file start-v6.txt (compact mmCIF, C-alpha atoms)
# COMPACT_ATOMS: atom_id res chain seq x y z
CA MET P 1 47.54 -41.38 75.58
CA LEU P 2 50.85 -41.57 77.43
CA THR P 3 49.79 -44.77 79.17
CA GLY P 4 48.24 -46.53 76.18
CA GLY P 5 45.19 -47.32 78.31
CA THR P 6 47.28 -49.16 80.93
CA LEU P 7 48.31 -48.15 84.44
CA LYS P 8 51.89 -47.28 83.47
CA LEU P 9 53.73 -45.09 80.99
CA ASP P 10 53.92 -46.39 77.42
CA ARG P 11 57.60 -45.70 76.65
CA ALA P 12 57.35 -47.08 73.12
CA HIS P 13 54.69 -44.54 72.22
CA MET P 14 56.46 -41.73 74.07
CA VAL P 15 59.62 -42.25 72.03
CA GLU P 16 57.56 -42.07 68.82
CA LEU P 17 56.18 -38.69 69.91
CA VAL P 18 59.71 -37.55 70.76
CA ARG P 19 60.96 -38.67 67.34
CA GLN P 20 58.36 -36.46 65.66
CA CYS P 21 59.19 -33.49 67.91
CA ALA P 22 62.89 -33.94 67.14
CA SER P 23 62.00 -33.85 63.43
CA LEU P 24 60.20 -30.53 63.95
CA ARG P 25 63.21 -29.11 65.75
CA ARG P 26 65.44 -30.05 62.80
CA GLN P 27 63.03 -28.16 60.55
CA GLY P 28 63.46 -25.04 62.69
CA HIS P 29 60.21 -25.18 64.65
CA LYS P 30 60.05 -24.43 68.38
CA VAL P 31 58.33 -27.15 70.39
CA ILE P 32 56.81 -27.12 73.88
CA ILE P 33 55.49 -30.30 75.51
CA VAL P 34 52.62 -30.04 77.99
CA THR P 35 52.58 -33.44 79.61
CA SER P 36 50.39 -35.44 81.91
CA GLY P 37 51.44 -38.68 83.59
CA ALA P 38 53.11 -37.66 86.86
CA ILE P 39 50.59 -39.43 89.09
CA ALA P 40 50.59 -42.51 86.84
CA ALA P 41 54.41 -42.56 86.92
CA GLY P 42 54.41 -42.24 90.71
CA ARG P 43 51.89 -45.02 91.12
CA GLU P 44 53.94 -47.29 88.84
CA HIS P 45 57.22 -46.50 90.59
CA LEU P 46 55.77 -47.28 94.04
CA GLY P 47 54.26 -50.55 92.87
CA TYR P 48 50.60 -49.44 92.73
CA PRO P 49 50.05 -48.88 96.47
CA GLU P 50 46.58 -48.79 98.03
CA LEU P 51 46.19 -45.20 99.22
CA PRO P 52 43.27 -43.22 100.64
CA LYS P 53 41.36 -41.27 98.00
CA THR P 54 42.53 -37.90 99.28
CA MET P 55 44.25 -34.84 97.83
CA ALA P 56 47.33 -35.67 99.91
CA SER P 57 47.56 -39.12 98.27
CA LYS P 58 47.44 -37.59 94.80
CA GLN P 59 50.07 -35.05 95.80
CA LEU P 60 52.24 -37.85 97.19
CA LEU P 61 52.05 -39.74 93.89
CA ALA P 62 52.71 -36.55 91.93
CA ALA P 63 55.73 -35.70 94.07
CA VAL P 64 57.23 -39.15 93.41
CA GLY P 65 56.14 -39.36 89.79
CA GLN P 66 57.13 -35.90 88.63
CA SER P 67 60.83 -36.70 88.79
CA ARG P 68 60.26 -40.07 87.10
CA LEU P 69 58.26 -38.45 84.32
CA ILE P 70 60.81 -35.75 83.55
CA GLN P 71 63.57 -38.38 83.57
CA GLU P 72 61.66 -40.32 80.92
CA TRP P 73 61.28 -37.25 78.70
CA GLU P 74 64.93 -36.32 79.29
CA HIS P 75 66.14 -39.81 78.38
CA LEU P 76 64.01 -40.05 75.23
CA PHE P 77 64.89 -36.59 73.90
CA GLY P 78 68.52 -37.37 74.73
CA ILE P 79 68.42 -40.10 72.09
CA TYR P 80 68.09 -37.30 69.53
CA GLY P 81 70.68 -35.06 71.18
CA LEU P 82 68.09 -32.67 72.63
CA HIS P 83 67.87 -31.27 76.15
CA VAL P 84 64.67 -30.65 78.11
CA GLY P 85 63.83 -28.15 80.82
CA GLN P 86 61.09 -28.82 83.35
CA MET P 87 58.49 -26.20 84.20
CA LEU P 88 55.83 -26.78 86.88
CA LEU P 89 52.93 -24.32 86.92
CA THR P 90 49.75 -23.56 88.81
CA ARG P 91 47.01 -21.14 87.82
CA ALA P 92 48.42 -18.70 90.38
CA ASP P 93 51.61 -18.47 88.31
CA LEU P 94 49.58 -17.44 85.26
CA ASN P 95 47.17 -15.07 87.03
CA ASP P 96 49.86 -12.96 88.68
CA ARG P 97 51.37 -10.50 86.19
CA GLU P 98 54.93 -10.65 87.48
CA ARG P 99 54.95 -14.44 87.69
CA PHE P 100 53.32 -14.66 84.25
CA LEU P 101 56.11 -12.55 82.76
CA ASN P 102 58.79 -14.52 84.57
CA ALA P 103 57.29 -17.78 83.30
CA ARG P 104 57.17 -16.40 79.76
CA ASP P 105 60.76 -15.21 79.91
CA MET P 106 61.92 -18.59 81.19
CA VAL P 107 60.11 -20.57 78.48
CA LEU P 108 61.37 -18.25 75.75
CA ALA P 109 64.92 -18.51 77.11
CA LEU P 110 64.70 -22.32 76.92
CA LEU P 111 63.41 -22.16 73.34
CA ASP P 112 66.03 -19.62 72.28
CA ASN P 113 68.72 -22.00 73.50
CA GLY P 114 67.34 -25.04 71.70
CA ILE P 115 65.91 -26.66 74.84
CA ILE P 116 62.50 -28.37 74.85
CA PRO P 117 60.29 -27.00 77.68
CA VAL P 118 58.33 -29.81 79.35
CA VAL P 119 55.39 -28.32 81.25
CA ASN P 120 53.08 -29.92 83.79
CA GLU P 121 50.80 -28.70 86.54
CA ASN P 122 52.51 -28.57 89.93
CA ASP P 123 50.19 -31.17 91.46
CA ALA P 124 52.44 -31.71 94.46
CA VAL P 125 51.59 -28.26 95.86
CA ALA P 126 48.47 -27.16 93.95
CA THR P 127 45.22 -26.80 95.86
CA THR P 128 41.75 -26.73 94.35
CA GLU P 129 41.79 -22.93 94.31
CA ILE P 130 44.98 -22.64 92.25
CA LYS P 131 44.71 -25.71 90.00
CA VAL P 132 44.10 -25.40 86.31
CA GLY P 133 42.76 -28.91 86.69
CA ASP P 134 43.60 -30.51 83.35
CA ASN P 135 46.44 -30.39 80.86
CA ASP P 136 44.20 -29.43 77.96
CA ASN P 137 43.41 -26.03 79.46
CA LEU P 138 46.95 -25.77 80.83
CA SER P 139 48.30 -26.20 77.30
CA ALA P 140 46.01 -23.42 76.05
CA LEU P 141 47.32 -21.09 78.77
CA VAL P 142 50.92 -22.01 77.93
CA GLY P 143 50.16 -21.33 74.27
CA ILE P 144 48.92 -17.87 75.19
CA LEU P 145 51.95 -17.40 77.45
CA VAL P 146 54.34 -17.73 74.49
CA SER P 147 52.04 -16.51 71.66
CA ALA P 148 52.15 -19.95 70.02
CA ASP P 149 51.11 -20.47 66.40
CA LYS P 150 49.59 -23.94 66.87
CA LEU P 151 48.22 -26.01 69.73
CA LEU P 152 48.02 -29.76 69.09
CA LEU P 153 45.77 -31.64 71.52
CA LEU P 154 46.61 -35.32 71.11
CA THR P 155 44.11 -37.83 72.44
CA ASP P 156 42.84 -41.39 71.90
CA GLN P 157 40.13 -40.21 69.47
CA PRO P 158 40.59 -39.06 65.84
CA GLY P 159 38.90 -35.76 66.71
CA LEU P 160 35.47 -34.34 67.51
CA PHE P 161 32.51 -36.25 66.06
CA THR P 162 28.88 -35.41 65.32
CA ALA P 163 27.96 -38.14 67.83
CA ASP P 164 29.75 -40.60 70.11
CA PRO P 165 31.58 -42.93 67.65
CA ARG P 166 31.80 -45.67 70.29
CA ASN P 167 28.07 -46.34 70.15
CA ASN P 168 26.88 -44.58 67.00
CA PRO P 169 28.14 -46.03 63.70
CA ASP P 170 26.79 -42.99 61.81
CA ALA P 171 29.00 -40.54 63.73
CA GLU P 172 31.08 -38.37 61.40
CA LEU P 173 34.36 -36.60 62.11
CA ILE P 174 34.04 -32.81 62.19
CA ARG P 175 36.96 -31.61 60.09
CA GLU P 176 36.83 -27.87 60.75
CA VAL P 177 35.17 -25.69 63.38
CA HIS P 178 34.47 -21.98 62.91
CA THR P 179 32.10 -21.45 65.85
CA ILE P 180 32.01 -23.13 69.25
CA ASP P 181 28.41 -23.09 70.45
CA GLU P 182 26.16 -25.00 72.85
CA THR P 183 25.47 -27.70 70.25
CA LEU P 184 29.19 -28.41 69.95
CA HIS P 185 29.61 -28.55 73.72
CA LYS P 186 26.86 -31.18 73.92
CA LEU P 187 28.81 -33.37 71.50
CA ALA P 188 31.80 -33.45 73.85
CA GLY P 189 31.79 -36.08 76.60
CA GLY P 190 33.95 -36.67 79.67
CA SER P 191 37.06 -38.77 80.23
CA VAL P 192 36.25 -42.42 79.54
CA GLY P 193 39.31 -44.34 80.68
CA GLY P 194 39.52 -42.82 84.14
CA LEU P 195 43.25 -42.30 83.74
CA GLY P 196 43.23 -38.64 82.69
CA THR P 197 41.54 -35.62 84.21
CA GLY P 198 40.22 -34.39 80.87
CA GLY P 199 38.20 -35.61 77.93
CA MET P 200 36.73 -34.09 74.80
CA ALA P 201 34.88 -31.51 76.92
CA THR P 202 38.08 -30.03 78.35
CA LYS P 203 39.70 -30.12 74.91
CA LEU P 204 36.81 -28.09 73.57
CA GLN P 205 37.25 -25.58 76.43
CA ALA P 206 40.98 -25.37 75.69
CA ALA P 207 40.36 -24.92 71.97
CA ASP P 208 37.95 -22.06 72.66
CA VAL P 209 40.42 -20.29 74.95
CA ALA P 210 43.37 -20.70 72.59
CA ARG P 211 41.58 -19.68 69.39
CA ARG P 212 40.39 -16.47 71.05
CA ALA P 213 44.07 -15.64 71.48
CA GLY P 214 44.72 -16.25 67.78
CA ILE P 215 46.09 -19.79 68.10
CA GLU P 216 45.09 -22.50 65.64
CA VAL P 217 44.03 -25.66 67.49
CA VAL P 218 43.82 -29.24 66.27
CA ILE P 219 42.40 -32.22 68.18
CA ALA P 220 43.75 -35.47 66.75
CA ALA P 221 44.66 -39.06 67.60
CA GLY P 222 48.11 -39.26 69.13
CA SER P 223 48.49 -42.84 67.92
CA ARG P 224 48.18 -41.90 64.23
CA PRO P 225 51.54 -42.43 62.47
CA ASP P 226 53.50 -39.19 62.09
CA VAL P 227 50.52 -37.19 63.36
CA ILE P 228 52.58 -34.27 64.73
CA ASN P 229 54.55 -33.69 61.53
CA ASP P 230 51.38 -33.97 59.44
CA LEU P 231 49.53 -31.46 61.60
CA VAL P 232 52.34 -28.93 61.41
CA LYS P 233 52.48 -29.33 57.62
CA GLY P 234 48.76 -28.55 57.44
CA THR P 235 47.55 -32.01 56.47
CA ALA P 236 43.81 -32.45 57.08
CA VAL P 237 43.98 -34.56 60.23
CA GLY P 238 41.56 -34.52 63.17
CA THR P 239 39.38 -31.51 64.00
CA ARG P 240 40.80 -28.06 63.25
CA PHE P 241 39.64 -24.96 65.12
CA LEU P 242 40.29 -21.73 63.27
CA PRO P 243 41.72 -18.82 65.27
CA LEU P 244 39.47 -15.80 65.73
CA GLU P 245 42.25 -13.27 65.15
CA SER P 246 46.02 -13.02 65.07
CA PRO P 247 47.79 -13.10 68.45
CA LEU P 248 49.50 -9.78 67.78
CA GLU P 249 46.33 -7.90 66.92
CA SER P 250 44.47 -9.48 69.84
CA ARG P 251 47.26 -8.44 72.19
CA LYS P 252 47.41 -4.91 70.80
CA ARG P 253 43.65 -4.46 71.15
CA TRP P 254 44.01 -5.41 74.80
CA ILE P 255 46.83 -2.88 75.26
CA LEU P 256 44.76 -0.16 73.61
CA ALA P 257 41.40 -0.85 75.24
CA GLY P 258 42.37 -2.77 78.35
CA PRO P 259 43.67 -1.54 81.71
CA PRO P 260 44.25 2.19 82.32
CA PRO P 261 47.88 3.31 81.94
CA ALA P 262 49.89 3.01 85.14
CA GLY P 263 52.43 5.68 84.19
CA ASP P 264 54.11 7.66 81.41
CA ILE P 265 57.54 7.94 79.86
CA VAL P 266 58.90 10.73 77.68
CA ILE P 267 61.17 9.73 74.79
CA ASP P 268 63.63 11.73 72.68
CA ASP P 269 63.30 12.57 68.98
CA GLY P 270 65.43 9.63 67.86
CA ALA P 271 63.22 7.20 69.75
CA VAL P 272 60.10 8.93 68.40
CA PHE P 273 61.29 8.30 64.84
CA ALA P 274 62.28 4.69 65.60
CA VAL P 275 58.92 3.88 67.22
CA GLN P 276 56.66 5.77 64.80
CA GLN P 277 58.41 5.41 61.45
CA ARG P 278 60.44 2.21 61.74
CA GLY P 279 58.19 0.17 64.03
CA SER P 280 61.11 -0.44 66.38
CA SER P 281 61.13 -1.40 70.04
CA LEU P 282 61.83 1.33 72.57
CA LEU P 283 65.34 1.16 73.99
CA ALA P 284 66.35 2.60 77.36
CA LYS P 285 68.69 4.96 75.50
CA GLY P 286 65.70 6.85 74.08
CA ILE P 287 63.97 7.51 77.43
CA SER P 288 64.21 11.09 78.70
CA GLU P 289 61.84 11.06 81.67
CA VAL P 290 59.78 8.60 83.72
CA LYS P 291 56.49 9.65 85.35
CA GLY P 292 54.33 7.73 87.77
CA ASP P 293 54.82 4.58 89.80
CA PHE P 294 54.38 1.38 87.81
CA GLU P 295 55.51 -2.22 87.92
CA ARG P 296 56.99 -4.42 85.23
CA GLY P 297 54.28 -5.70 82.89
CA GLU P 298 51.89 -2.77 83.31
CA VAL P 299 50.58 -0.62 80.48
CA ILE P 300 52.23 2.80 80.13
CA ARG P 301 51.98 5.75 77.70
CA LEU P 302 54.81 7.07 75.56
CA TYR P 303 55.03 10.83 75.00
CA SER P 304 57.31 13.02 72.88
CA ALA P 305 59.26 15.87 74.45
CA LYS P 306 56.56 18.22 73.11
CA GLY P 307 53.89 16.39 75.09
CA THR P 308 52.35 14.51 72.14
CA LEU P 309 50.89 11.09 72.98
CA LEU P 310 52.69 8.60 70.72
CA ALA P 311 51.87 5.09 71.88
CA ARG P 312 50.78 2.73 74.61
CA GLY P 313 52.71 -0.36 75.56
CA ILE P 314 53.60 -2.97 78.13
CA CYS P 315 56.79 -2.06 79.99
CA ARG P 316 59.55 -4.60 80.53
CA TYR P 317 60.87 -2.72 83.58
CA SER P 318 59.31 -0.98 86.59
CA SER P 319 59.31 2.81 86.94
CA LYS P 320 62.17 2.62 89.45
CA ASP P 321 64.26 0.54 87.06
CA MET P 322 63.30 2.71 84.09
CA ALA P 323 64.49 5.82 85.91
CA LYS P 324 67.86 4.18 86.53
CA ILE P 325 68.43 2.97 82.96
CA ALA P 326 66.90 5.97 81.15
CA GLY P 327 69.35 7.31 78.56
CA LYS P 328 71.68 4.33 79.00
CA HIS P 329 72.82 1.78 76.43
CA SER P 330 71.16 -1.64 76.47
CA GLN P 331 74.44 -3.42 77.21
CA ASP P 332 74.77 -1.40 80.43
CA ILE P 333 71.41 -2.47 81.94
CA TYR P 334 72.78 -5.49 83.79
CA GLN P 335 75.65 -3.49 85.26
CA ILE P 336 73.27 -0.76 86.44
CA LEU P 337 70.50 -2.95 87.89
CA GLY P 338 72.35 -6.17 88.68
CA TYR P 339 69.86 -8.06 86.47
CA GLU P 340 67.99 -7.54 83.24
CA TYR P 341 64.72 -8.53 81.49
CA GLY P 342 66.10 -8.10 78.00
CA PRO P 343 67.64 -5.22 76.00
CA VAL P 344 64.43 -3.26 75.32
CA ALA P 345 62.27 -1.13 77.61
CA VAL P 346 59.08 -1.76 75.59
CA HIS P 347 59.11 -4.42 72.87
CA ARG P 348 57.54 -3.53 69.51
CA ASP P 349 55.15 -6.50 69.84
CA ASP P 350 53.87 -4.85 73.04
CA LEU P 351 53.51 -1.37 71.48
CA VAL P 352 50.45 0.26 69.94
CA VAL P 353 51.31 3.47 68.09
CA ILE P 354 48.45 5.97 68.51
call {"tool": "encode", "arguments": {"input": "start-v6.txt", "output": "structure tokens"}}
result
Amino acid sequence: MLTGGTLKLDRAHMVELVRQCASLRRQGHKVIIVTSGAIAAGREHLGYPELPKTMASKQLLAAVGQSRLIQEWEHLFGIYGLHVGQMLLTRADLNDRERFLNARDMVLALLDNGIIPVVNENDAVATTEIKVGDNDNLSALVGILVSADKLLLLTDQPGLFTADPRNNPDAELIREVHTIDETLHKLAGGSVGGLGTGGMATKLQAADVARRAGIEVVIAAGSRPDVINDLVKGTAVGTRFLPLESPLESRKRWILAGPPPAGDIVIDDGAVFAVQQRGSSLLAKGISEVKGDFERGEVIRLYSAKGTLLARGICRYSSKDMAKIAGKHSQDIYQILGYEYGPVAVHRDDLVVI
């Protein structure tokens, strides 16, 4: 879609997408772009060289094109007075808990400061073992990373059809999908143009992953006028995949029934009231004691001073850090540790009260 079916970036279409994203920002929405096009941009910049069909050649083109691609996005968003921040990921960044949390914190920091995150796979260093492989599935993983509300997969087709519309005039657009089964997978084909690494099949995979995390997904034609604004408004465009459950409930079920707790913390009566009665996050000030050896991002249990199990949650700090900041005010965390991962020890979105 970013090349318009040619061998180079279609700047005219890119600026139209940027215009729509800028409109969303003015409405108060937070926007993340997951972009392809680095290899195409590199090939264009180098004058379409004849290279061996090897991984190294692709990585060469990606290394050259990545900077060209981000410059294009930066220039186009700059027209609307918006800044962008580049983020290059591999599957290894999303599989590792610490790197996952760091990636999430970075994206959320960009969004909180009005900056548009522009995400792409780090093709210049990714090997087969650590590649996501396509930007459809990468976008689903990024959506999960930030607990997104919507995932818009823009392509050169109006959506998912009952048959291949290119050779079957009776093919009908599927407006809404409640269940992704084998029949639906058979309707999805591969990439036709040879320019992208995906196709309808990878979009279907991405939709299935994202909706299981509570994210609404829409596959639609990126060339349709004002398609992004229409999709966000809820206009019936393309194929809509309904989420299975809300992201918060899905996350809390995982906290409750997922990995065994890595440690425990004891909290004072004020924190007990705040967590149980007010649904508040746990602040370092309310921590009385830290038990066990755990890392940032692991599941821990919260106990009262009387030994009553109160909640389970995902900790923002390791046990060593927790011990240092226990009983301290949030504004003192940076001074004590020399860094901080936010003002709370366990965020309320990461807490399940027992």
call {"tool": "closest_residue", "arguments": {"input": "start-v6.txt", "among": "P:Val299, P:Gly42, P:Gln335, P:Val353", "to": "Gln277 (chain P)", "atoms": "all atoms listed in the file"}}
result
P:Val353
call {"tool": "residues_around", "arguments": {"input": "start-v6.txt", "residues": "Leu108 (chain P)", "least_positions_apart": "2", "cutoff": "12 Å", "atoms": "only C-alpha atoms", "output": "ChimeraX atom specification"}}
result
/P:30-32,85,87,101-106,110-117,142-143,145-148,341-342
call {"tool": "closest_residue", "arguments": {"input": "start-v6.txt", "among": "P:His29, P:His185, P:Arg348, P:Arg99", "to": "Arg296 (chain P)", "atoms": "only C-alpha atoms"}}
result
P:Arg99
call {"tool": "closest_residue", "arguments": {"input": "start-v6.txt", "among": "P:Gln59, P:Val15, P:Glu50, P:Arg25", "to": "Asn229 (chain P)", "atoms": "all atoms listed in the file"}}
result
P:Arg25
call {"tool": "closest_residue", "arguments": {"input": "start-v6.txt", "among": "P:Arg91, P:Leu61, P:Leu187, P:Ala109", "to": "Tyr48 (chain P)", "atoms": "only C-alpha atoms"}}
result
P:Leu61
call {"tool": "residues_around", "arguments": {"input": "start-v6.txt", "residues": "Ile314 (chain P)", "least_positions_apart": "6", "cutoff": "9 Å", "atoms": "all atoms listed in the file", "output": "PDB file with C-alpha atoms, in the frame of the given file"}}
result
ATOM      1  CA  ILE P 255      46.830  -2.880  75.260  1.00  0.00           C
ATOM      2  CA  ARG P 296      56.990  -4.420  85.230  1.00  0.00           C
ATOM      3  CA  GLY P 297      54.280  -5.700  82.890  1.00  0.00           C
ATOM      4  CA  GLU P 298      51.890  -2.770  83.310  1.00  0.00           C
ATOM      5  CA  VAL P 299      50.580  -0.620  80.480  1.00  0.00           C
ATOM      6  CA  ILE P 300      52.230   2.800  80.130  1.00  0.00           C
ATOM      7  CA  ARG P 301      51.980   5.750  77.700  1.00  0.00           C
ATOM      8  CA  ALA P 345      62.270  -1.130  77.610  1.00  0.00           C
ATOM      9  CA  VAL P 346      59.080  -1.760  75.590  1.00  0.00           C
ATOM     10  CA  HIS P 347      59.110  -4.420  72.870  1.00  0.00           C
ATOM     11  CA  ASP P 350      53.870  -4.850  73.040  1.00  0.00           C
ATOM     12  CA  LEU P 351      53.510  -1.370  71.480  1.00  0.00           C
TER      13      LEU P 351
END
call {"tool": "atom_distance", "arguments": {"input": "start-v6.txt", "atom1": "CA of Thr3 (chain P)", "atom2": "CA of Gln157 (chain P)"}}
result
14.4 Å
call {"tool": "residues_around", "arguments": {"input": "start-v6.txt", "residues": "region 329-332 of chain P", "least_positions_apart": "4", "cutoff": "9 Å", "atoms": "all atoms listed in the file", "output": "list in words"}}
result
Leu283, Ala284, Lys285, Ile325, Ile336, Leu337, Gly342, Pro343, Val344 and Ala345 of chain P
call {"tool": "residues_around", "arguments": {"input": "start-v6.txt", "residues": "Met1 (chain P)", "least_positions_apart": "6", "cutoff": "7 Å", "atoms": "all atoms listed in the file", "output": "number ranges by chain"}}
result
P: 155-156, 222
call {"tool": "residues_around", "arguments": {"input": "start-v6.txt", "residues": "Pro165 (chain P)", "least_positions_apart": "5", "cutoff": "12 Å", "atoms": "only C-alpha atoms", "output": "PyMOL selection string"}}
result
chain P and resi 157-160+170-174+187-189
call {"tool": "closest_residue", "arguments": {"input": "start-v6.txt", "among": "P:Arg43, P:Lys291, P:Arg175, P:Lys8", "to": "Arg240 (chain P)", "atoms": "only C-alpha atoms"}}
result
P:Arg175
call {"tool": "build_atoms", "arguments": {"input": "start-v6.txt", "residues": "region 320-338 of chain P", "atoms": "N, CA and C atoms", "output": "tab-separated table (two decimals), in the frame of the given file"}}
result
chain	number	residue	atom	x	y	z
P	320	LYS	N	60.90	2.41	88.75
P	320	LYS	CA	62.17	2.62	89.45
P	320	LYS	C	63.35	2.18	88.60
P	321	ASP	N	63.19	1.03	87.94
P	321	ASP	CA	64.26	0.54	87.06
P	321	ASP	C	64.40	1.43	85.83
P	322	MET	N	63.27	1.84	85.28
P	322	MET	CA	63.30	2.71	84.09
P	322	MET	C	64.06	4.00	84.36
P	323	ALA	N	63.82	4.57	85.55
P	323	ALA	CA	64.49	5.82	85.91
P	323	ALA	C	66.01	5.63	85.98
P	324	LYS	N	66.43	4.45	86.40
P	324	LYS	CA	67.86	4.18	86.53
P	324	LYS	C	68.53	3.95	85.18
P	325	ILE	N	67.81	3.32	84.25
P	325	ILE	CA	68.43	2.97	82.96
P	325	ILE	C	68.10	3.97	81.85
P	326	ALA	N	67.27	4.98	82.15
P	326	ALA	CA	66.90	5.97	81.15
P	326	ALA	C	68.14	6.64	80.56
P	327	GLY	N	68.22	6.69	79.24
P	327	GLY	CA	69.35	7.31	78.56
P	327	GLY	C	70.58	6.44	78.47
P	328	LYS	N	70.51	5.22	78.98
P	328	LYS	CA	71.68	4.33	79.00
P	328	LYS	C	71.61	3.32	77.85
P	329	HIS	N	72.76	2.80	77.48
P	329	HIS	CA	72.82	1.78	76.43
P	329	HIS	C	72.30	0.44	76.97
P	330	SER	N	71.74	-0.36	76.08
P	330	SER	CA	71.16	-1.64	76.47
P	330	SER	C	72.17	-2.56	77.14
P	331	GLN	N	73.42	-2.52	76.65
P	331	GLN	CA	74.44	-3.42	77.21
P	331	GLN	C	74.84	-3.03	78.63
P	332	ASP	N	74.41	-1.84	79.08
P	332	ASP	CA	74.77	-1.40	80.43
P	332	ASP	C	73.69	-1.72	81.46
P	333	ILE	N	72.53	-2.25	81.02
P	333	ILE	CA	71.41	-2.47	81.94
P	333	ILE	C	71.79	-3.41	83.08
P	334	TYR	N	72.43	-4.51	82.74
P	334	TYR	CA	72.78	-5.49	83.79
P	334	TYR	C	73.73	-4.87	84.81
P	335	GLN	N	74.68	-4.12	84.35
P	335	GLN	CA	75.65	-3.49	85.26
P	335	GLN	C	74.97	-2.47	86.18
P	336	ILE	N	73.98	-1.78	85.65
P	336	ILE	CA	73.27	-0.76	86.44
P	336	ILE	C	72.32	-1.38	87.46
P	337	LEU	N	71.54	-2.37	87.03
P	337	LEU	CA	70.50	-2.95	87.89
P	337	LEU	C	70.95	-4.18	88.65
P	338	GLY	N	71.95	-4.89	88.09
P	338	GLY	CA	72.35	-6.17	88.68
P	338	GLY	C	71.56	-7.33	88.11
